[in-house]
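The file coords-v7.cif contains mmCIF, C-alpha atoms; chains and numbers go by the auth columns:
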data_entry
#
loop_
_atom_site.group_PDB
_atom_site.id
_atom_site.type_symbol
_atom_site.label_atom_id
_atom_site.label_comp_id
_atom_site.label_asym_id
_atom_site.label_seq_id
_atom_site.Cartn_x
_atom_site.Cartn_y
_atom_site.Cartn_z
_atom_site.B_iso_or_equiv
_atom_site.auth_seq_id
_atom_site.auth_asym_id
ATOM 1 C CA MET A 1 -11.407 -17.075 -3.755 0.00 1 A
ATOM 2 C CA ASN A 2 -12.877 -16.220 -0.358 0.00 2 A
ATOM 3 C CA GLU A 3 -11.212 -13.827 2.104 0.00 3 A
ATOM 4 C CA LYS A 4 -9.661 -16.555 4.292 0.00 4 A
ATOM 5 C CA ASN A 5 -8.065 -18.290 1.304 0.00 5 A
ATOM 6 C CA PHE A 6 -6.896 -14.956 -0.071 0.00 6 A
ATOM 7 C CA ALA A 7 -5.213 -14.150 3.257 0.00 7 A
ATOM 8 C CA ARG A 8 -3.483 -17.559 3.170 0.00 8 A
ATOM 9 C CA TYR A 9 -2.319 -16.914 -0.402 0.00 9 A
ATOM 10 C CA ILE A 10 -0.913 -13.512 0.584 0.00 10 A
ATOM 11 C CA ALA A 11 0.792 -15.117 3.596 0.00 11 A
ATOM 12 C CA SER A 12 2.480 -17.684 1.328 0.00 12 A
ATOM 13 C CA LYS A 13 3.814 -14.886 -0.896 0.00 13 A
ATOM 14 C CA TYR A 14 4.961 -12.933 2.153 0.00 14 A
ATOM 15 C CA HIS A 15 7.190 -15.849 3.128 0.00 15 A
ATOM 16 C CA GLU A 16 8.485 -16.305 -0.448 0.00 16 A
ATOM 17 C CA ILE A 17 9.257 -12.698 -1.406 0.00 17 A
ATOM 18 C CA PRO A 18 11.792 -10.751 0.668 0.00 18 A
ATOM 19 C CA ASN A 19 10.708 -7.384 2.040 0.00 19 A
ATOM 20 C CA LEU A 20 7.149 -7.645 0.725 0.00 20 A
ATOM 21 C CA SER A 21 4.908 -4.719 1.658 0.00 21 A
ATOM 22 C CA ILE A 22 1.227 -5.616 1.889 0.00 22 A
ATOM 23 C CA ALA A 23 -1.612 -3.115 1.561 0.00 23 A
ATOM 24 C CA VAL A 24 -5.260 -4.172 1.646 0.00 24 A
ATOM 25 C CA ASP A 25 -8.505 -2.249 1.297 0.00 25 A
ATOM 26 C CA GLY A 26 -9.362 -1.728 4.955 0.00 26 A
ATOM 27 C CA ASP A 27 -13.111 -1.598 4.469 0.00 27 A
ATOM 28 C CA GLY A 28 -15.578 -4.322 3.534 0.00 28 A
ATOM 29 C CA ALA A 29 -14.221 -7.775 2.706 0.00 29 A
ATOM 30 C CA GLY A 30 -10.638 -6.521 2.952 0.00 30 A
ATOM 31 C CA ARG A 31 -11.089 -6.106 6.691 0.00 31 A
ATOM 32 C CA THR A 32 -11.330 -9.901 7.077 0.00 32 A
ATOM 33 C CA VAL A 33 -8.106 -10.343 5.080 0.00 33 A
ATOM 34 C CA ILE A 34 -6.342 -7.789 7.302 0.00 34 A
ATOM 35 C CA LEU A 35 -7.501 -9.466 10.515 0.00 35 A
ATOM 36 C CA ASP A 36 -6.394 -12.896 9.266 0.00 36 A
ATOM 37 C CA LEU A 37 -2.960 -11.604 8.204 0.00 37 A
ATOM 38 C CA GLU A 38 -2.473 -9.820 11.526 0.00 38 A
ATOM 39 C CA GLU A 39 -3.455 -13.019 13.355 0.00 39 A
ATOM 40 C CA MET A 40 -0.696 -14.797 11.385 0.00 40 A
ATOM 41 C CA GLY A 41 1.778 -12.126 12.514 0.00 41 A
ATOM 42 C CA ILE A 42 2.138 -10.624 9.042 0.00 42 A
ATOM 43 C CA PRO A 43 2.404 -6.829 8.864 0.00 43 A
ATOM 44 C CA VAL A 44 -0.296 -5.298 6.681 0.00 44 A
ATOM 45 C CA GLN A 45 -1.346 -1.749 5.887 0.00 45 A
ATOM 46 C CA ALA A 46 -5.051 -0.944 5.804 0.00 46 A
ATOM 47 C CA ILE A 47 -6.023 1.481 3.053 0.00 47 A
ATOM 48 C CA HIS A 48 -9.136 3.490 3.885 0.00 48 A
ATOM 49 C CA TRP A 49 -10.267 5.192 0.680 0.00 49 A
ATOM 50 C CA GLY A 50 -12.642 7.602 2.348 0.00 50 A
ATOM 51 C CA LEU A 51 -10.047 9.353 4.494 0.00 51 A
ATOM 52 C CA PRO A 52 -8.808 12.806 3.474 0.00 52 A
ATOM 53 C CA SER A 53 -5.585 13.117 1.499 0.00 53 A
ATOM 54 C CA HIS A 54 -2.234 13.447 3.256 0.00 54 A
ATOM 55 C CA THR A 55 -1.376 17.083 2.591 0.00 55 A
ATOM 56 C CA PRO A 56 -3.345 20.347 2.467 0.00 56 A
ATOM 57 C CA THR A 57 -2.479 20.692 -1.243 0.00 57 A
ATOM 58 C CA ALA A 58 -3.821 17.213 -2.024 0.00 58 A
ATOM 59 C CA GLN A 59 -6.900 17.906 0.115 0.00 59 A
ATOM 60 C CA ARG A 60 -7.652 20.982 -1.997 0.00 60 A
ATOM 61 C CA ARG A 61 -7.314 18.889 -5.179 0.00 61 A
ATOM 62 C CA CYS A 62 -8.962 15.583 -4.192 0.00 62 A
ATOM 63 C CA ALA A 63 -12.028 14.746 -2.097 0.00 63 A
ATOM 64 C CA ASN A 64 -10.419 11.683 -0.473 0.00 64 A
ATOM 65 C CA LEU A 65 -7.613 9.134 -0.756 0.00 65 A
ATOM 66 C CA ARG A 66 -9.355 7.206 -3.522 0.00 66 A
ATOM 67 C CA ALA A 67 -9.500 10.292 -5.738 0.00 67 A
ATOM 68 C CA TYR A 68 -5.926 11.210 -4.784 0.00 68 A
ATOM 69 C CA ALA A 69 -4.604 7.744 -5.640 0.00 69 A
ATOM 70 C CA HIS A 70 -6.412 7.639 -8.985 0.00 70 A
ATOM 71 C CA CYS A 71 -5.076 11.093 -9.885 0.00 71 A
ATOM 72 C CA GLN A 72 -1.582 9.906 -8.952 0.00 72 A
ATOM 73 C CA LEU A 73 -2.022 6.791 -11.101 0.00 73 A
ATOM 74 C CA ARG A 74 -3.233 8.861 -14.042 0.00 74 A
ATOM 75 C CA ASP A 75 -0.306 11.295 -13.728 0.00 75 A
ATOM 76 C CA ALA A 76 2.200 8.453 -13.436 0.00 76 A
ATOM 77 C CA ILE A 77 0.835 6.770 -16.574 0.00 77 A
ATOM 78 C CA ILE A 78 0.957 10.038 -18.532 0.00 78 A
ATOM 79 C CA GLU A 79 4.507 10.749 -17.332 0.00 79 A
ATOM 80 C CA LYS A 80 5.553 7.147 -18.148 0.00 80 A
ATOM 81 C CA ARG A 81 6.445 6.382 -14.510 0.00 81 A
ATOM 82 C CA PHE A 82 3.885 3.572 -14.304 0.00 82 A
ATOM 83 C CA ARG A 83 3.021 0.952 -16.883 0.00 83 A
ATOM 84 C CA GLY A 84 0.635 -1.207 -14.926 0.00 84 A
ATOM 85 C CA PRO A 85 -0.201 -4.813 -15.621 0.00 85 A
ATOM 86 C CA ARG A 86 -0.532 -5.820 -19.245 0.00 86 A
ATOM 87 C CA LEU A 87 -4.165 -6.743 -18.849 0.00 87 A
ATOM 88 C CA LYS A 88 -7.061 -5.558 -20.980 0.00 88 A
ATOM 89 C CA ASN A 89 -9.160 -5.131 -17.824 0.00 89 A
ATOM 90 C CA PHE A 90 -6.613 -2.744 -16.319 0.00 90 A
ATOM 91 C CA VAL A 91 -6.578 -0.495 -19.380 0.00 91 A
ATOM 92 C CA GLU A 92 -10.384 -0.447 -19.528 0.00 92 A
ATOM 93 C CA GLN A 93 -10.730 0.229 -15.805 0.00 93 A
ATOM 94 C CA ALA A 94 -8.045 2.893 -15.518 0.00 94 A
ATOM 95 C CA SER A 95 -9.180 4.795 -18.601 0.00 95 A
ATOM 96 C CA GLN A 96 -12.925 4.730 -17.999 0.00 96 A
ATOM 97 C CA LEU A 97 -13.338 5.412 -14.277 0.00 97 A
ATOM 98 C CA PRO A 98 -16.190 7.855 -13.782 0.00 98 A
ATOM 99 C CA TYR A 99 -15.436 10.889 -11.634 0.00 99 A
ATOM 100 C CA SER A 100 -16.771 14.356 -11.033 0.00 100 A
ATOM 101 C CA LEU A 101 -15.789 17.571 -9.361 0.00 101 A
ATOM 102 C CA ASP A 102 -17.385 18.138 -5.976 0.00 102 A
ATOM 103 C CA GLU A 103 -18.803 21.422 -4.694 0.00 103 A
ATOM 104 C CA ARG A 104 -15.269 22.557 -3.787 0.00 104 A
ATOM 105 C CA GLY A 105 -13.856 21.778 -7.234 0.00 105 A
ATOM 106 C CA ARG A 106 -12.011 18.649 -6.077 0.00 106 A
ATOM 107 C CA TYR A 107 -11.787 15.364 -7.939 0.00 107 A
ATOM 108 C CA ALA A 108 -14.267 12.855 -6.547 0.00 108 A
ATOM 109 C CA MET A 109 -14.424 9.284 -7.817 0.00 109 A
ATOM 110 C CA THR A 110 -17.871 7.821 -8.400 0.00 110 A
ATOM 111 C CA THR A 111 -18.712 5.430 -5.583 0.00 111 A
ATOM 112 C CA LYS A 112 -18.638 1.708 -6.294 0.00 112 A
ATOM 113 C CA GLU A 113 -22.327 1.494 -5.359 0.00 113 A
ATOM 114 C CA ARG A 114 -23.239 4.131 -7.951 0.00 114 A
ATOM 115 C CA MET A 115 -20.985 2.477 -10.534 0.00 115 A
ATOM 116 C CA ARG A 116 -22.724 -0.849 -9.861 0.00 116 A
ATOM 117 C CA SER A 117 -26.147 0.796 -10.328 0.00 117 A
ATOM 118 C CA LYS A 118 -24.965 2.057 -13.737 0.00 118 A
ATOM 119 C CA GLY A 119 -23.719 -1.412 -14.734 0.00 119 A
ATOM 120 C CA ILE A 120 -20.028 -0.550 -14.340 0.00 120 A
ATOM 121 C CA LYS A 121 -17.952 -3.340 -12.808 0.00 121 A
ATOM 122 C CA SER A 122 -15.791 -2.696 -9.764 0.00 122 A
ATOM 123 C CA PRO A 123 -12.349 -1.446 -10.874 0.00 123 A
ATOM 124 C CA ASP A 124 -10.464 -3.909 -8.657 0.00 124 A
ATOM 125 C CA ILE A 125 -7.297 -4.057 -10.758 0.00 125 A
ATOM 126 C CA SER A 126 -7.065 -0.286 -11.091 0.00 126 A
ATOM 127 C CA ASP A 127 -7.788 0.189 -7.379 0.00 127 A
ATOM 128 C CA THR A 128 -5.059 -2.307 -6.483 0.00 128 A
ATOM 129 C CA CYS A 129 -2.549 -0.426 -8.640 0.00 129 A
ATOM 130 C CA CYS A 130 -3.563 2.767 -6.824 0.00 130 A
ATOM 131 C CA PHE A 131 -2.425 1.251 -3.530 0.00 131 A
ATOM 132 C CA ALA A 132 1.152 1.782 -4.741 0.00 132 A
ATOM 133 C CA PHE A 133 0.562 5.518 -4.300 0.00 133 A
ATOM 134 C CA LEU A 134 -0.790 5.170 -0.762 0.00 134 A
ATOM 135 C CA ALA A 135 1.199 2.376 0.868 0.00 135 A
ATOM 136 C CA SER A 136 4.424 2.883 2.754 0.00 136 A
ATOM 137 C CA TYR A 137 7.038 0.478 1.529 0.00 137 A
ATOM 138 C CA GLN A 138 10.724 -0.251 1.701 0.00 138 A
ATOM 139 C CA PRO A 139 12.393 -1.213 -1.575 0.00 139 A
ATOM 140 C CA ALA A 140 13.787 -4.755 -1.490 0.00 140 A
ATOM 141 C CA THR A 141 17.221 -3.439 -2.395 0.00 141 A
ATOM 142 C CA GLU A 142 17.366 -1.609 0.935 0.00 142 A
ATOM 143 C CA SER A 143 16.767 -4.659 3.109 0.00 143 A
ATOM 144 C CA SER A 144 20.300 -5.990 2.662 0.00 144 A
ATOM 145 C CA ARG A 145 21.766 -2.584 3.523 0.00 145 A
ATOM 146 C CA ALA A 146 19.544 -2.322 6.582 0.00 146 A
ATOM 147 C CA ASP A 147 20.590 -5.826 7.668 0.00 147 A
ATOM 148 C CA GLY A 148 24.222 -4.867 7.149 0.00 148 A
ATOM 149 C CA ARG A 149 23.826 -1.732 9.265 0.00 149 A
ATOM 150 C CA ASP A 150 22.057 -3.731 11.956 0.00 150 A
ATOM 151 C CA GLN A 151 24.925 -6.237 12.030 0.00 151 A
ATOM 152 C CA GLU A 152 27.506 -3.437 12.167 0.00 152 A
ATOM 153 C CA THR A 153 25.653 -1.796 15.053 0.00 153 A
ATOM 154 C CA LEU A 154 25.383 -5.110 16.888 0.00 154 A
ATOM 155 C CA ALA A 155 29.124 -5.725 16.446 0.00 155 A
ATOM 156 C CA LEU A 156 29.945 -2.248 17.800 0.00 156 A
ATOM 157 C CA VAL A 157 27.674 -2.750 20.828 0.00 157 A
ATOM 158 C CA ARG A 158 29.265 -6.146 21.555 0.00 158 A
ATOM 159 C CA GLN A 159 32.724 -4.610 21.232 0.00 159 A
ATOM 160 C CA TRP A 160 31.753 -1.770 23.578 0.00 160 A
ATOM 161 C CA MET A 161 30.244 -4.202 26.103 0.00 161 A
ATOM 162 C CA SER A 162 33.387 -6.373 26.027 0.00 162 A
ATOM 163 C CA ALA A 163 35.553 -3.323 26.604 0.00 163 A
ATOM 164 C CA GLU A 164 33.369 -2.263 29.545 0.00 164 A
ATOM 165 C CA GLU A 165 33.565 -5.739 31.106 0.00 165 A
ATOM 166 C CA GLU A 166 37.349 -5.904 30.665 0.00 166 A
ATOM 167 C CA SER A 167 37.838 -2.491 32.283 0.00 167 A
ATOM 168 C CA GLY A 168 35.642 -3.507 35.215 0.00 168 A
ATOM 169 C CA ASN A 169 33.038 -0.822 34.496 0.00 169 A
ATOM 170 C CA GLY A 170 30.345 -3.365 33.546 0.00 170 A
ATOM 171 C CA ASN A 171 27.627 -3.975 36.127 0.00 171 A
#
Show this structure as structure tokens.
Amino acid sequence: MNEKNFARYIASKYHEIPNLSIAVDGDGAGRTVILDLEEMGIPVQAIHWGLPSHTPTAQRRCANLRAYAHCQLRDAIIEKRFRGPRLKNFVEQASQLPYSLDERGRYAMTTKERMRSKGIKSPDISDTCCFAFLASYQPATESSRADGRDQETLALVRQWMSAEEESGNGN
């Protein structure tokens, strides 16, 4: 599927699934998907693997966001907080990703270019699962509460405005 069709597919899911959070690899082909989704008015988060981790502690442990996310995925699997898709490719990818320690002793994932030169396929499924550890999202169960609060606030504002108009203080 090309990038344009993939963006259309994501857009169709966005309209079907309430409160869907979308995160896309912000570099390479993913950039086209992001631009197309934004053009359709769909909010999307760009994930840039090469950026430094979020906190000083994570920066001391991981060379960049890709390493951070893969360490988070590994820890979550070990601690039984993440099961992942029941796909043979996912298990192979997640368990065999080559990494090293850089000169500062931080985890550094082998680049996709180097993996390709060694005959290792791109770990697309594993990388996608890693987005869960980098994306900001709002659980679907919270959307109804947020809508309820918004409606309550709107009702209070309308009540306040009516009271102001009745007392003659409204402009």
- Quick one: pull the distance between atom CA of A:Asn2 and atom CA of A:Ala29, Å, one decimal.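 These two atoms are separated by 9.1 Å.
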Requested in this report: I would like the residues chosen by the PyMOL selection byres ((chain A and resi 80-85) around 12) on the shown file; could you give them as a PyMOL selection string?
Outcome: chain A and resi 72-79+86-94+125-130+132-133
| Taking into account all atoms listed in the file, which residue in the set A:Glu38, A:Ala67, A:Ile120, A:Arg8 is nearest to A:Leu51? |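 Distance minimum relative to A:Leu51 lands on A:Ala67.
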**Near-A:Lys112 list (12 Å; all atoms listed in the file; drop same-chain fewer than 5 positions) as an NGL selection string** = :A and (28 or 49 or 66 or 97-99 or 117-124 or 127)
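The neighbours of A:Asn64 here are the residues that come within 9 Å of it, using all atoms listed in the file and leaving out any residue fewer than 2 positions away in the same chain; they are Trp49, Gly50, Leu51, Pro52, Ser53, Ala58, Gln59, Cys62, Arg66, Ala67, Tyr68, Ala69, Tyr107, Ala108 and Met109 of chain A.
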Practice task
Would you translate the PyMOL selection byres ((chain A and resi 136) around 9) into the concrete set of residues it matches in this file, as a PyMOL selection string?
Solution key: chain A and resi 21+23+45+132-135+137-138
What would the file look like if the residues just selected were written as a PDB file, in the frame of the given file with C-alpha atoms?
ATOM      1  CA  SER A  21       4.908  -4.719   1.658  1.00  0.00           C
ATOM      2  CA  ALA A  23      -1.612  -3.115   1.561  1.00  0.00           C
ATOM      3  CA  GLN A  45      -1.346  -1.749   5.887  1.00  0.00           C
ATOM      4  CA  ALA A 132       1.152   1.782  -4.741  1.00  0.00           C
ATOM      5  CA  PHE A 133       0.562   5.518  -4.300  1.00  0.00           C
ATOM      6  CA  LEU A 134      -0.790   5.170  -0.762  1.00  0.00           C
ATOM      7  CA  ALA A 135       1.199   2.376   0.868  1.00  0.00           C
ATOM      8  CA  TYR A 137       7.038   0.478   1.529  1.00  0.00           C
ATOM      9  CA  GLN A 138      10.724  -0.251   1.701  1.00  0.00           C
TER      10      GLN A 138
END
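Reported to one decimal place, the separation of atom CA of A:Ala7 from atom CA of A:Ile22 is 10.8 Å.
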| task | Find the residue from A:Cys71, A:Met115, A:Ala46, A:Ala63 that sits nearest to A:Val24; use all atoms listed in the file when measuring. | result |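 Checking each of A:Cys71, A:Met115, A:Ala46, A:Ala63 against A:Val24, counting all atoms listed in the file, the winner is A:Ala46.
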Name every residue that the PyMOL selection byres ((chain A and resi 11) around 12) selects in this structure, writing the answer as a JSON list (two decimals) with C-alpha atoms, keeping the file's coordinate frame with chains first and numbers rising.
[["chain", "number", "residue", "atom", "x", "y", "z"],
["A", 4, "LYS", "CA", -9.66, -16.56, 4.29],
["A", 5, "ASN", "CA", -8.06, -18.29, 1.30],
["A", 6, "PHE", "CA", -6.90, -14.96, -0.07],
["A", 7, "ALA", "CA", -5.21, -14.15, 3.26],
["A", 8, "ARG", "CA", -3.48, -17.56, 3.17],
["A", 9, "TYR", "CA", -2.32, -16.91, -0.40],
["A", 10, "ILE", "CA", -0.91, -13.51, 0.58],
["A", 12, "SER", "CA", 2.48, -17.68, 1.33],
["A", 13, "LYS", "CA", 3.81, -14.89, -0.90],
["A", 14, "TYR", "CA", 4.96, -12.93, 2.15],
["A", 15, "HIS", "CA", 7.19, -15.85, 3.13],
["A", 16, "GLU", "CA", 8.48, -16.30, -0.45],
["A", 17, "ILE", "CA", 9.26, -12.70, -1.41],
["A", 20, "LEU", "CA", 7.15, -7.64, 0.72],
["A", 21, "SER", "CA", 4.91, -4.72, 1.66],
["A", 22, "ILE", "CA", 1.23, -5.62, 1.89],
["A", 33, "VAL", "CA", -8.11, -10.34, 5.08],
["A", 34, "ILE", "CA", -6.34, -7.79, 7.30],
["A", 36, "ASP", "CA", -6.39, -12.90, 9.27],
["A", 37, "LEU", "CA", -2.96, -11.60, 8.20],
["A", 38, "GLU", "CA", -2.47, -9.82, 11.53],
["A", 39, "GLU", "CA", -3.46, -13.02, 13.36],
["A", 40, "MET", "CA", -0.70, -14.80, 11.38],
["A", 41, "GLY", "CA", 1.78, -12.13, 12.51],
["A", 42, "ILE", "CA", 2.14, -10.62, 9.04],
["A", 43, "PRO", "CA", 2.40, -6.83, 8.86],
["A", 44, "VAL", "CA", -0.30, -5.30, 6.68]]
Separating atom CA of A:Gly105 from atom CA of A:Arg61, to the nearest tenth of an Å, is a gap of 7.4 Å
